[in-house]
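Input: a single structure, listed below in structure tokens.
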Amino acid sequence: MFLLLPFDSLVVNLLGISITVLFTLLLVFIIVPAIFGVSFGIRKVYMKTLLKIFQWATLRIERGAKEKNHPLYKPYVNGIIAKEPTSLEEEIKEIRRSGSGKALDTPEFELSDIFYFCRKGIETIMDDEVTKRFSAEELESWNLLSRTNYNFQYISLRLTVLWGLGVLIRYCFLLPLRIALAFTGISLLVTGTTVVGYLPNGRCKEFLSKHVHLMCYRICVRALTAIITYHDRENRPRNGGICVANHTSPIDVIILASDGYYAMVGQIHGGLMGVIQRAMVKACPHVWFERSEVKDRHLVAKRLTEHVQDKSKLPILIFPEGTCINNTSVMMFKKGSFEIGATVYPVAIKYDPQFGDAFWNSSKYGMVTYLLRMMTSWAIVCSVWYLPPMTRQPEEDAVQFANRVKSAIARQGGLVDLLWDGGLKREKVKDTFKEEQQKLYSKMIVGNHEDRSRS
């Protein structure tokens with residue numbers, strides 16, 4: 001028994017040295033740079049190396065598929081059905097012309113009109129532009145993670161070995177490192193904001209609160225190995241305004257907050273999230289709502305209006321889509337944020353899916369599973385564009401203003417601009433959408449009939 005003591009002592013010493021070295025590396029290369037907002041460029045070298053490996057793996061798959069006579073990889077195209085932007089009236093007119101030969105101005109209903117609605121229904125089922133926005137974005141190359149393009153079927157011994165090596169790196173090295181960083185960032189955020197919260201209001205408290213938030217968010221960004229490129233920083237949101245952005249993931253907050261200082265808006269939670277919220281609100285005037293208050297639109301609007309009217313308060317960060325979209329499109333913006341009358345600062349966020357899928361499919365994965373997927377991906381790479389501030393025009397209503405802002409974000413981020421409500425992720429299509437098509441068709445028939453009566 002006593003002979004084992006020197007060996008036990010050696011193991012303890014080696015473990016202590018390892019922990020000390022790890023903590024020193026974290027402090028020197030991650031925590032200190034996060035405090036001062038600098039980078040040594042290690043992540044960019046890491047990203048370039050991964051790109052070369054992905055390119056080699058994809059070429060190997062294509063070459064192997066040809067040798068085995070397997071179906072070759074085909075680049076992903078947005079949609080499987082070719083569609084032309086034509087109106088209901090134009091399409092029915094074409095169907096009537098090619099079918100019965102009658103003109104569109106015939107007074108009675110034509111049986112051939114049914115084919116238009118049948119075709120539209122089949123197109124919607126086969127190529128649903130809403131449902132596919134809630135699944136992983138298709139890849140153009142294999143990233144040694146999951147396959148999100150079914151053409152990646154060929155596998156070889158070398159690719160298998162490379163994939164296995166990647167699993168060891170991601171789970172045995174990157175995951176523990178990232179968990180340690182995330183724990184450090186969250187602990188510092190709770191501790192720092194709690195301490196700052198006891199200081200009297202003034203410039204000193206505001207200065208310390210700002211830098212505590214920035215430091216902790218930057219550490220959390222490094223916990224995801226996030227490589228972010230910010231564009232047009234002169235357009236960053238300012239006090240008394242509202243920052244609106246497209247929504248892909250809960251980490252959108254961290255991505256933006258690591259480059260700016262925002263007042264968060266959200267529902268009060270329990271557990272660890274509740275602890276973080278209570279600590280943050282002590283140092284900064286965030287806007288948290290009780291569960292019962294969230295459903296009261298007038299109360300929410302009142303609280304937000306009071307916040308933006310105080311030009312000394314931070315800009316509010318809001319995601320008007322209300323749910324996460326897979327970063328291929330921007331869906332309907334809820335009008336509530338655009339009724340307040342404040343200056344709106346649009347932000348476009350575009351992720352690169354080659355290194356990891358940032359999209360959170362909340363109907364498929366819980367928060368813990370999602371975070372595990374994030375921390376075991378290669379990296380999170382994205383671009384952020386700050387667009388010029390926008391204000392509501394005198395002739396615009398809130399819906400028109402929201403659509404104008406949404407279009408600007410979609411155009412800058414290279415995303416598809418959709419009119420659909422993101423709530424369709426969990427709900428059925430509202431009757432109003434069906435009635436709209438019925439009204440268009442009825443108006444077309446009735447309108448033509450009225451025109452003939454006048455003549």
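In the structure tokens, each chain is lettered A, B, ... as it comes, each chain's residues begin at 1, and ligands are numbered from 1 in order of appearance.
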
Taking only stretch 136-382 of chain A into account, list the residues labelled alpha helix (DSSP H) by DSSP (computed from the backbone), as a short mmCIF file (atom, residue, chain, number, x, y, z; two decimals) with N, CA, C and O atoms, in the first residue's frame.
data_model
loop_
_atom_site.label_atom_id
_atom_site.label_comp_id
_atom_site.auth_asym_id
_atom_site.auth_seq_id
_atom_site.Cartn_x
_atom_site.Cartn_y
_atom_site.Cartn_z
N LEU A 157 -11.98 4.30 -47.04
CA LEU A 157 -11.23 4.05 -45.81
C LEU A 157 -10.56 5.32 -45.31
O LEU A 157 -10.60 5.63 -44.12
N ARG A 158 -9.94 6.08 -46.23
CA ARG A 158 -9.26 7.30 -45.82
C ARG A 158 -10.24 8.34 -45.26
O ARG A 158 -9.95 9.02 -44.28
N LEU A 159 -11.40 8.43 -45.89
CA LEU A 159 -12.40 9.36 -45.38
C LEU A 159 -12.93 8.92 -44.02
O LEU A 159 -13.20 9.75 -43.15
N THR A 160 -13.07 7.61 -43.84
CA THR A 160 -13.52 7.10 -42.55
C THR A 160 -12.51 7.40 -41.44
O THR A 160 -12.88 7.82 -40.34
N VAL A 161 -11.24 7.21 -41.74
CA VAL A 161 -10.18 7.51 -40.76
C VAL A 161 -10.16 9.00 -40.45
O VAL A 161 -10.05 9.41 -39.28
N LEU A 162 -10.31 9.83 -41.49
CA LEU A 162 -10.32 11.27 -41.29
C LEU A 162 -11.51 11.70 -40.45
O LEU A 162 -11.40 12.54 -39.54
N TRP A 163 -12.67 11.10 -40.72
CA TRP A 163 -13.86 11.41 -39.94
C TRP A 163 -13.68 11.00 -38.48
O TRP A 163 -14.03 11.74 -37.56
N GLY A 164 -13.11 9.79 -38.25
CA GLY A 164 -12.86 9.33 -36.88
C GLY A 164 -11.90 10.23 -36.13
O GLY A 164 -12.09 10.52 -34.95
N LEU A 165 -10.86 10.70 -36.83
CA LEU A 165 -9.91 11.64 -36.21
C LEU A 165 -10.62 12.93 -35.84
O LEU A 165 -10.37 13.51 -34.77
N GLY A 166 -11.53 13.36 -36.72
CA GLY A 166 -12.30 14.57 -36.44
C GLY A 166 -13.18 14.42 -35.21
O GLY A 166 -13.32 15.35 -34.41
N VAL A 167 -13.78 13.24 -35.05
CA VAL A 167 -14.61 12.99 -33.86
C VAL A 167 -13.78 13.10 -32.59
O VAL A 167 -14.21 13.70 -31.59
N LEU A 168 -12.58 12.51 -32.60
CA LEU A 168 -11.69 12.58 -31.42
C LEU A 168 -11.33 14.03 -31.10
O LEU A 168 -11.34 14.44 -29.93
N LEU A 175 -14.51 20.03 -27.22
CA LEU A 175 -15.66 20.07 -26.31
C LEU A 175 -15.27 20.43 -24.88
O LEU A 175 -15.86 21.35 -24.30
N PRO A 176 -14.29 19.76 -24.25
CA PRO A 176 -13.90 20.16 -22.88
C PRO A 176 -13.40 21.60 -22.82
O PRO A 176 -13.71 22.33 -21.86
N LEU A 177 -12.64 22.01 -23.83
CA LEU A 177 -12.13 23.39 -23.85
C LEU A 177 -13.27 24.38 -23.94
O LEU A 177 -13.30 25.39 -23.22
N ARG A 178 -14.24 24.10 -24.80
CA ARG A 178 -15.36 25.02 -24.98
C ARG A 178 -16.26 25.07 -23.75
O ARG A 178 -16.78 26.14 -23.39
N ILE A 179 -16.46 23.92 -23.10
CA ILE A 179 -17.27 23.92 -21.87
C ILE A 179 -16.58 24.75 -20.79
O ILE A 179 -17.24 25.52 -20.08
N ALA A 180 -15.27 24.62 -20.68
CA ALA A 180 -14.52 25.41 -19.70
C ALA A 180 -14.65 26.90 -19.98
O ALA A 180 -14.84 27.71 -19.07
N LEU A 181 -14.58 27.27 -21.27
CA LEU A 181 -14.71 28.68 -21.64
C LEU A 181 -16.12 29.20 -21.38
O LEU A 181 -16.31 30.32 -20.88
N ALA A 182 -17.12 28.38 -21.73
CA ALA A 182 -18.51 28.80 -21.51
C ALA A 182 -18.78 28.98 -20.02
O ALA A 182 -19.42 29.96 -19.60
N PHE A 183 -18.29 28.05 -19.21
CA PHE A 183 -18.46 28.17 -17.76
C PHE A 183 -17.76 29.42 -17.23
O PHE A 183 -18.30 30.13 -16.38
N THR A 184 -16.57 29.70 -17.76
CA THR A 184 -15.83 30.90 -17.34
C THR A 184 -16.60 32.16 -17.71
O THR A 184 -16.75 33.08 -16.90
N GLY A 185 -17.09 32.21 -18.96
CA GLY A 185 -17.81 33.40 -19.42
C GLY A 185 -19.08 33.65 -18.64
O GLY A 185 -19.36 34.79 -18.22
N ILE A 186 -19.88 32.60 -18.41
CA ILE A 186 -21.14 32.75 -17.68
C ILE A 186 -20.87 33.12 -16.22
O ILE A 186 -21.56 33.98 -15.64
N SER A 187 -19.87 32.48 -15.61
CA SER A 187 -19.54 32.79 -14.20
C SER A 187 -19.10 34.24 -14.05
O SER A 187 -19.52 34.94 -13.12
N LEU A 188 -18.25 34.70 -14.96
CA LEU A 188 -17.80 36.10 -14.90
C LEU A 188 -18.95 37.06 -15.15
O LEU A 188 -19.00 38.14 -14.54
N LEU A 189 -19.88 36.68 -16.05
CA LEU A 189 -21.02 37.54 -16.32
C LEU A 189 -21.90 37.71 -15.08
O LEU A 189 -22.28 38.84 -14.73
N VAL A 190 -22.22 36.60 -14.42
CA VAL A 190 -23.06 36.66 -13.22
C VAL A 190 -22.34 37.41 -12.10
O VAL A 190 -22.92 38.31 -11.47
N THR A 191 -21.08 37.08 -11.88
CA THR A 191 -20.33 37.72 -10.80
C THR A 191 -20.10 39.20 -11.09
O THR A 191 -20.32 40.07 -10.22
N GLY A 192 -19.65 39.50 -12.30
CA GLY A 192 -19.33 40.88 -12.66
C GLY A 192 -20.53 41.80 -12.63
O GLY A 192 -20.47 42.91 -12.07
N THR A 193 -21.66 41.37 -13.23
CA THR A 193 -22.84 42.23 -13.25
C THR A 193 -23.44 42.39 -11.85
O THR A 193 -23.99 43.45 -11.53
N THR A 194 -23.33 41.35 -11.02
CA THR A 194 -23.83 41.47 -9.63
C THR A 194 -23.03 42.51 -8.86
O THR A 194 -23.60 43.35 -8.15
N VAL A 195 -21.71 42.47 -8.99
CA VAL A 195 -20.85 43.44 -8.29
C VAL A 195 -21.10 44.84 -8.81
O VAL A 195 -21.25 45.80 -8.04
N VAL A 196 -21.15 44.99 -10.14
CA VAL A 196 -21.39 46.32 -10.73
C VAL A 196 -22.75 46.85 -10.32
O VAL A 196 -22.94 48.06 -10.16
N GLY A 197 -23.72 45.95 -10.13
CA GLY A 197 -25.06 46.37 -9.76
C GLY A 197 -25.13 47.10 -8.44
O GLY A 197 -26.06 47.88 -8.20
N ARG A 203 -21.54 57.41 -14.57
CA ARG A 203 -20.68 57.05 -15.70
C ARG A 203 -19.78 55.87 -15.37
O ARG A 203 -19.51 55.02 -16.22
N CYS A 204 -19.32 55.80 -14.11
CA CYS A 204 -18.43 54.70 -13.72
C CYS A 204 -19.16 53.36 -13.82
O CYS A 204 -18.63 52.39 -14.37
N LYS A 205 -20.40 53.31 -13.33
CA LYS A 205 -21.18 52.07 -13.38
C LYS A 205 -21.47 51.70 -14.83
O LYS A 205 -21.37 50.52 -15.22
N GLU A 206 -21.83 52.69 -15.65
CA GLU A 206 -22.13 52.42 -17.05
C GLU A 206 -20.90 51.90 -17.79
O GLU A 206 -20.99 50.97 -18.59
N PHE A 207 -19.74 52.50 -17.50
CA PHE A 207 -18.49 52.08 -18.15
C PHE A 207 -18.14 50.65 -17.77
O PHE A 207 -17.83 49.82 -18.64
N LEU A 208 -18.20 50.34 -16.48
CA LEU A 208 -17.85 49.00 -16.01
C LEU A 208 -18.86 47.96 -16.52
O LEU A 208 -18.47 46.86 -16.93
N SER A 209 -20.15 48.30 -16.50
CA SER A 209 -21.18 47.37 -16.98
C SER A 209 -20.96 47.04 -18.45
O SER A 209 -21.04 45.88 -18.86
N LYS A 210 -20.65 48.06 -19.24
CA LYS A 210 -20.42 47.85 -20.67
C LYS A 210 -19.27 46.90 -20.91
O LYS A 210 -19.39 45.93 -21.68
N HIS A 211 -18.17 47.11 -20.23
CA HIS A 211 -16.98 46.29 -20.49
C HIS A 211 -17.10 44.89 -19.87
O HIS A 211 -16.52 43.94 -20.40
N VAL A 212 -17.83 44.75 -18.78
CA VAL A 212 -18.08 43.42 -18.23
C VAL A 212 -18.90 42.59 -19.21
O VAL A 212 -18.60 41.42 -19.48
N HIS A 213 -19.97 43.21 -19.75
CA HIS A 213 -20.80 42.51 -20.73
C HIS A 213 -19.99 42.12 -21.96
O HIS A 213 -20.05 40.97 -22.42
N LEU A 214 -19.24 43.08 -22.51
CA LEU A 214 -18.46 42.80 -23.72
C LEU A 214 -17.44 41.69 -23.49
O LEU A 214 -17.29 40.78 -24.31
N MET A 215 -16.74 41.75 -22.36
CA MET A 215 -15.72 40.75 -22.06
C MET A 215 -16.33 39.35 -21.96
O MET A 215 -15.83 38.40 -22.57
N CYS A 216 -17.44 39.24 -21.25
CA CYS A 216 -18.06 37.92 -21.04
C CYS A 216 -18.64 37.36 -22.33
O CYS A 216 -18.54 36.16 -22.61
N TYR A 217 -19.27 38.22 -23.13
CA TYR A 217 -19.82 37.75 -24.41
C TYR A 217 -18.71 37.33 -25.36
O TYR A 217 -18.86 36.37 -26.14
N ARG A 218 -17.59 38.03 -25.33
CA ARG A 218 -16.47 37.64 -26.19
C ARG A 218 -15.87 36.31 -25.77
O ARG A 218 -15.42 35.53 -26.62
N ILE A 219 -15.85 36.04 -24.48
CA ILE A 219 -15.38 34.74 -24.01
C ILE A 219 -16.34 33.64 -24.48
O ILE A 219 -15.92 32.57 -24.94
N CYS A 220 -17.65 33.91 -24.40
CA CYS A 220 -18.65 32.94 -24.87
C CYS A 220 -18.55 32.72 -26.37
O CYS A 220 -18.77 31.60 -26.86
N VAL A 221 -18.22 33.77 -27.12
CA VAL A 221 -18.01 33.64 -28.56
C VAL A 221 -16.85 32.70 -28.83
O VAL A 221 -16.90 31.84 -29.73
N ARG A 222 -15.79 32.83 -28.07
CA ARG A 222 -14.63 31.94 -28.23
C ARG A 222 -14.94 30.52 -27.78
O ARG A 222 -14.31 29.57 -28.24
N ALA A 223 -15.94 30.38 -26.90
CA ALA A 223 -16.36 29.04 -26.49
C ALA A 223 -17.02 28.28 -27.64
O ALA A 223 -17.11 27.05 -27.60
N ASP A 252 -27.44 34.23 -31.73
CA ASP A 252 -27.47 35.53 -32.40
C ASP A 252 -27.23 36.65 -31.40
O ASP A 252 -26.58 37.66 -31.72
N VAL A 253 -27.75 36.48 -30.19
CA VAL A 253 -27.58 37.48 -29.14
C VAL A 253 -26.10 37.66 -28.81
O VAL A 253 -25.58 38.78 -28.72
N ILE A 254 -25.40 36.53 -28.65
CA ILE A 254 -23.97 36.58 -28.32
C ILE A 254 -23.17 37.18 -29.46
O ILE A 254 -22.24 37.97 -29.25
N ILE A 255 -23.54 36.82 -30.71
CA ILE A 255 -22.84 37.33 -31.89
C ILE A 255 -22.89 38.85 -31.93
O ILE A 255 -21.87 39.52 -32.17
N LEU A 256 -24.07 39.42 -31.69
CA LEU A 256 -24.22 40.88 -31.75
C LEU A 256 -23.69 41.57 -30.50
O LEU A 256 -23.06 42.63 -30.59
N ALA A 257 -23.94 40.97 -29.34
CA ALA A 257 -23.54 41.61 -28.08
C ALA A 257 -22.04 41.60 -27.86
O ALA A 257 -21.54 42.33 -27.01
N GLY A 271 -34.40 28.84 -13.12
CA GLY A 271 -33.15 28.08 -13.23
C GLY A 271 -31.95 28.96 -13.51
O GLY A 271 -31.87 30.12 -13.08
N LEU A 272 -30.98 28.39 -14.26
CA LEU A 272 -29.74 29.10 -14.55
C LEU A 272 -30.01 30.37 -15.35
O LEU A 272 -29.40 31.42 -15.08
N MET A 273 -30.92 30.30 -16.33
CA MET A 273 -31.23 31.47 -17.13
C MET A 273 -31.79 32.59 -16.26
O MET A 273 -31.48 33.78 -16.45
N GLY A 274 -32.61 32.22 -15.28
CA GLY A 274 -33.16 33.22 -14.37
C GLY A 274 -32.09 33.89 -13.52
O GLY A 274 -32.14 35.10 -13.27
N VAL A 275 -31.11 33.11 -13.08
CA VAL A 275 -29.99 33.68 -12.32
C VAL A 275 -29.22 34.69 -13.16
O VAL A 275 -28.87 35.79 -12.69
N ILE A 276 -28.96 34.35 -14.41
CA ILE A 276 -28.25 35.24 -15.32
C ILE A 276 -29.05 36.52 -15.56
O ILE A 276 -28.50 37.63 -15.53
N GLN A 277 -30.36 36.39 -15.79
CA GLN A 277 -31.20 37.55 -16.04
C GLN A 277 -31.23 38.49 -14.84
O GLN A 277 -31.11 39.72 -15.00
N ARG A 278 -31.37 37.95 -13.65
CA ARG A 278 -31.43 38.80 -12.45
C ARG A 278 -30.11 39.51 -12.21
O ARG A 278 -30.08 40.66 -11.74
N ALA A 279 -29.00 38.85 -12.53
CA ALA A 279 -27.69 39.49 -12.37
C ALA A 279 -27.49 40.59 -13.41
O ALA A 279 -27.01 41.68 -13.09
N MET A 280 -27.90 40.33 -14.64
CA MET A 280 -27.70 41.31 -15.72
C MET A 280 -28.51 42.58 -15.50
O MET A 280 -28.03 43.69 -15.76
N VAL A 281 -29.75 42.43 -15.03
CA VAL A 281 -30.61 43.59 -14.89
C VAL A 281 -30.15 44.51 -13.77
O VAL A 281 -30.53 45.69 -13.71
N LYS A 282 -29.31 44.02 -12.86
CA LYS A 282 -28.76 44.87 -11.81
C LYS A 282 -27.77 45.89 -12.36
O LYS A 282 -27.64 47.00 -11.84
N ALA A 283 -27.05 45.49 -13.42
CA ALA A 283 -26.02 46.36 -13.98
C ALA A 283 -26.49 47.15 -15.19
O ALA A 283 -25.87 48.15 -15.56
N ARG A 291 -44.39 35.91 -17.62
CA ARG A 291 -45.08 35.09 -18.62
C ARG A 291 -46.45 35.68 -18.97
O ARG A 291 -46.86 35.70 -20.14
N SER A 292 -47.18 36.17 -17.95
CA SER A 292 -48.52 36.72 -18.20
C SER A 292 -48.46 38.04 -18.95
O SER A 292 -49.41 38.41 -19.66
N GLU A 293 -47.37 38.78 -18.82
CA GLU A 293 -47.25 40.09 -19.47
C GLU A 293 -46.93 39.99 -20.96
O GLU A 293 -47.25 40.90 -21.73
N VAL A 294 -46.27 38.89 -21.36
CA VAL A 294 -45.84 38.76 -22.74
C VAL A 294 -47.03 38.79 -23.70
O VAL A 294 -46.94 39.32 -24.82
N ARG A 297 -50.10 42.81 -25.55
CA ARG A 297 -49.39 43.61 -26.55
C ARG A 297 -49.27 45.06 -26.14
O ARG A 297 -48.25 45.71 -26.37
N HIS A 298 -50.32 45.61 -25.52
CA HIS A 298 -50.30 47.02 -25.14
C HIS A 298 -49.28 47.29 -24.03
O HIS A 298 -48.57 48.30 -24.04
N LEU A 299 -49.19 46.35 -23.09
CA LEU A 299 -48.21 46.51 -22.01
C LEU A 299 -46.80 46.41 -22.55
O LEU A 299 -45.91 47.20 -22.18
N VAL A 300 -46.56 45.46 -23.45
CA VAL A 300 -45.23 45.30 -24.05
C VAL A 300 -44.85 46.56 -24.81
O VAL A 300 -43.74 47.09 -24.68
N ALA A 301 -45.79 47.06 -25.64
CA ALA A 301 -45.52 48.28 -26.41
C ALA A 301 -45.24 49.47 -25.50
O ALA A 301 -44.35 50.29 -25.78
N LYS A 302 -45.97 49.57 -24.39
CA LYS A 302 -45.77 50.67 -23.46
C LYS A 302 -44.38 50.62 -22.83
O LYS A 302 -43.67 51.64 -22.76
N ARG A 303 -43.97 49.43 -22.39
CA ARG A 303 -42.64 49.29 -21.77
C ARG A 303 -41.53 49.62 -22.76
O ARG A 303 -40.55 50.28 -22.42
N LEU A 304 -41.67 49.14 -24.00
CA LEU A 304 -40.65 49.40 -25.02
C LEU A 304 -40.60 50.88 -25.38
O LEU A 304 -39.52 51.45 -25.58
N THR A 305 -41.79 51.51 -25.48
CA THR A 305 -41.85 52.94 -25.81
C THR A 305 -41.17 53.77 -24.74
O THR A 305 -40.41 54.70 -25.03
N GLU A 306 -41.44 53.45 -23.48
CA GLU A 306 -40.80 54.18 -22.37
C GLU A 306 -39.29 54.04 -22.42
O GLU A 306 -38.55 54.97 -22.10
N HIS A 307 -38.82 52.87 -22.82
CA HIS A 307 -37.37 52.63 -22.87
C HIS A 307 -36.72 53.46 -23.98
O HIS A 307 -35.71 54.14 -23.74
N VAL A 308 -37.27 53.43 -25.19
CA VAL A 308 -36.63 54.12 -26.31
C VAL A 308 -36.77 55.63 -26.22
O VAL A 308 -35.98 56.36 -26.83
N GLN A 309 -37.77 56.13 -25.49
CA GLN A 309 -37.92 57.57 -25.34
C GLN A 309 -36.83 58.17 -24.47
O GLN A 309 -36.56 59.38 -24.55
N MET A 367 -32.74 22.66 -25.83
CA MET A 367 -31.64 23.61 -25.72
C MET A 367 -30.32 22.91 -25.40
O MET A 367 -29.27 23.24 -25.96
N VAL A 368 -30.33 21.94 -24.50
CA VAL A 368 -29.10 21.25 -24.12
C VAL A 368 -28.52 20.49 -25.32
O VAL A 368 -27.31 20.55 -25.60
N THR A 369 -29.39 19.77 -26.04
CA THR A 369 -28.93 19.03 -27.24
C THR A 369 -28.38 19.98 -28.28
O THR A 369 -27.34 19.71 -28.91
N TYR A 370 -29.06 21.11 -28.46
CA TYR A 370 -28.60 22.08 -29.44
C TYR A 370 -27.22 22.64 -29.07
O TYR A 370 -26.33 22.74 -29.93
N LEU A 371 -27.04 23.01 -27.82
CA LEU A 371 -25.74 23.55 -27.40
C LEU A 371 -24.64 22.51 -27.54
O LEU A 371 -23.49 22.84 -27.89
N LEU A 372 -24.97 21.24 -27.28
CA LEU A 372 -23.98 20.18 -27.47
C LEU A 372 -23.59 20.08 -28.94
O LEU A 372 -22.41 19.91 -29.27
N ARG A 373 -24.57 20.20 -29.83
CA ARG A 373 -24.27 20.18 -31.27
C ARG A 373 -23.39 21.36 -31.66
O ARG A 373 -22.48 21.23 -32.49
N MET A 374 -23.65 22.52 -31.07
CA MET A 374 -22.84 23.70 -31.38
C MET A 374 -21.40 23.52 -30.91
O MET A 374 -20.45 23.86 -31.62
N MET A 375 -21.26 22.98 -29.71
CA MET A 375 -19.93 22.87 -29.11
C MET A 375 -19.13 21.70 -29.68
O MET A 375 -17.94 21.58 -29.41
#

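Backbone DSSP of stretch 189-329 of chain A yields strand (DSSP E or B) at Ala226, Ile227, Ile228, Thr229, Tyr230, His231, Ile242, Cys243, Val244, Ala245, Ala263, Met264, Val265, Gly266, Gln267, Val287, Trp288, Phe289, Ile316, Leu317, Ile318 and Ser329 of chain A.
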
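Considering only C-alpha atoms, the residue among A:Tyr386, A:Trp420, A:Phe338, A:Tyr46 positioned nearest to A:Asn235 is A:Tyr386.
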
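Of note, atom CA of A:Leu419 and atom CA of A:Ile228 are spaced 28.5 Å apart.
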
Counting only C-alpha atoms, what is within 10 Å of A:Pro389, bar same-chain residues fewer than 5 positions away, as a PDB file with N, CA, C and O atoms, in the first residue's frame?
ATOM      1  N   ASN A 235     -22.548  52.104 -38.709  1.00  0.00           N
ATOM      2  CA  ASN A 235     -24.017  52.057 -38.614  1.00  0.00           C
ATOM      3  C   ASN A 235     -24.501  51.305 -37.378  1.00  0.00           C
ATOM      4  O   ASN A 235     -25.699  50.992 -37.294  1.00  0.00           O
ATOM      5  N   ARG A 236     -23.614  51.017 -36.449  1.00  0.00           N
ATOM      6  CA  ARG A 236     -24.028  50.274 -35.258  1.00  0.00           C
ATOM      7  C   ARG A 236     -25.133  51.014 -34.495  1.00  0.00           C
ATOM      8  O   ARG A 236     -25.143  52.249 -34.451  1.00  0.00           O
ATOM      9  N   PRO A 237     -26.082  50.261 -33.897  1.00  0.00           N
ATOM     10  CA  PRO A 237     -27.208  50.888 -33.182  1.00  0.00           C
ATOM     11  C   PRO A 237     -26.746  51.837 -32.083  1.00  0.00           C
ATOM     12  O   PRO A 237     -25.719  51.612 -31.438  1.00  0.00           O
ATOM     13  N   ARG A 238     -27.533  52.886 -31.889  1.00  0.00           N
ATOM     14  CA  ARG A 238     -27.225  53.887 -30.876  1.00  0.00           C
ATOM     15  C   ARG A 238     -28.353  53.977 -29.862  1.00  0.00           C
ATOM     16  O   ARG A 238     -29.456  53.461 -30.081  1.00  0.00           O
ATOM     17  N   GLY A 241     -32.686  53.727 -29.717  1.00  0.00           N
ATOM     18  CA  GLY A 241     -33.170  53.084 -30.935  1.00  0.00           C
ATOM     19  C   GLY A 241     -33.496  51.621 -30.712  1.00  0.00           C
ATOM     20  O   GLY A 241     -33.390  51.095 -29.604  1.00  0.00           O
ATOM     21  N   ILE A 242     -33.898  50.962 -31.806  1.00  0.00           N
ATOM     22  CA  ILE A 242     -34.233  49.539 -31.774  1.00  0.00           C
ATOM     23  C   ILE A 242     -33.397  48.831 -32.823  1.00  0.00           C
ATOM     24  O   ILE A 242     -33.398  49.222 -33.990  1.00  0.00           O
ATOM     25  N   CYS A 243     -32.685  47.800 -32.406  1.00  0.00           N
ATOM     26  CA  CYS A 243     -31.902  46.981 -33.331  1.00  0.00           C
ATOM     27  C   CYS A 243     -32.735  45.742 -33.684  1.00  0.00           C
ATOM     28  O   CYS A 243     -33.138  44.997 -32.790  1.00  0.00           O
ATOM     29  N   THR A 343     -36.242  55.038 -34.033  1.00  0.00           N
ATOM     30  CA  THR A 343     -35.328  54.750 -35.137  1.00  0.00           C
ATOM     31  C   THR A 343     -34.964  53.265 -35.105  1.00  0.00           C
ATOM     32  O   THR A 343     -34.632  52.715 -34.055  1.00  0.00           O
ATOM     33  N   VAL A 344     -35.036  52.632 -36.262  1.00  0.00           N
ATOM     34  CA  VAL A 344     -34.748  51.200 -36.364  1.00  0.00           C
ATOM     35  C   VAL A 344     -33.389  51.014 -37.027  1.00  0.00           C
ATOM     36  O   VAL A 344     -33.104  51.615 -38.066  1.00  0.00           O
ATOM     37  N   TYR A 345     -32.552  50.176 -36.401  1.00  0.00           N
ATOM     38  CA  TYR A 345     -31.219  49.864 -36.933  1.00  0.00           C
ATOM     39  C   TYR A 345     -31.226  48.413 -37.414  1.00  0.00           C
ATOM     40  O   TYR A 345     -31.100  47.489 -36.606  1.00  0.00           O
ATOM     41  N   PRO A 346     -31.388  48.186 -38.726  1.00  0.00           N
ATOM     42  CA  PRO A 346     -31.432  46.804 -39.225  1.00  0.00           C
ATOM     43  C   PRO A 346     -30.042  46.153 -39.221  1.00  0.00           C
ATOM     44  O   PRO A 346     -29.031  46.811 -39.482  1.00  0.00           O
ATOM     45  N   VAL A 347     -30.018  44.857 -38.936  1.00  0.00           N
ATOM     46  CA  VAL A 347     -28.777  44.077 -38.944  1.00  0.00           C
ATOM     47  C   VAL A 347     -29.048  42.763 -39.670  1.00  0.00           C
ATOM     48  O   VAL A 347     -30.041  42.078 -39.386  1.00  0.00           O
ATOM     49  N   VAL A 405     -38.038  47.124 -43.921  1.00  0.00           N
ATOM     50  CA  VAL A 405     -36.837  46.765 -43.159  1.00  0.00           C
ATOM     51  C   VAL A 405     -36.434  45.322 -43.449  1.00  0.00           C
ATOM     52  O   VAL A 405     -35.257  45.009 -43.648  1.00  0.00           O
TER      53      VAL A 405
END

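For the pair atom CA of A:Ile380 and atom CA of A:Pro320, the interatomic distance is 22.8 Å.
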
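Residues in contact range of A:Gly413, defined as at most 6 Å between only C-alpha atoms, with sequence neighbours fewer than 3 positions away removed, read Ala348, Lys350 and Ala410 of chain A.
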
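The smallest atom-to-atom distance between A:Gly202 and any of A:Met331, A:Ile169, A:Val45, A:Cys284, using only C-alpha atoms, is found for A:Cys284.
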
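Picture a line from atom CA of A:Thr328 to atom CA of A:Asp421; it runs 15.0 Å.
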
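Between A:Ala358 and the candidates A:Ile268, A:Pro394, A:Ala379, A:Glu321, the tightest atom-to-atom separation, counting only C-alpha atoms, involves A:Ala379.
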
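Using only C-alpha atoms, the residues found no farther than 12 Å from A:Met47, other than those of its own chain fewer than 2 positions away, are Gly41, Ile42, Arg43, Lys44, Val45, Thr49, Leu50, Leu51, Lys52, Ile53, Phe54, Asn143, Thr225, Ala226, Ile227, Ile228, Asp352, Gln354, Phe355, Gly356, Trp378, Ala379, Ile380, Val381 and Cys382 of chain A.
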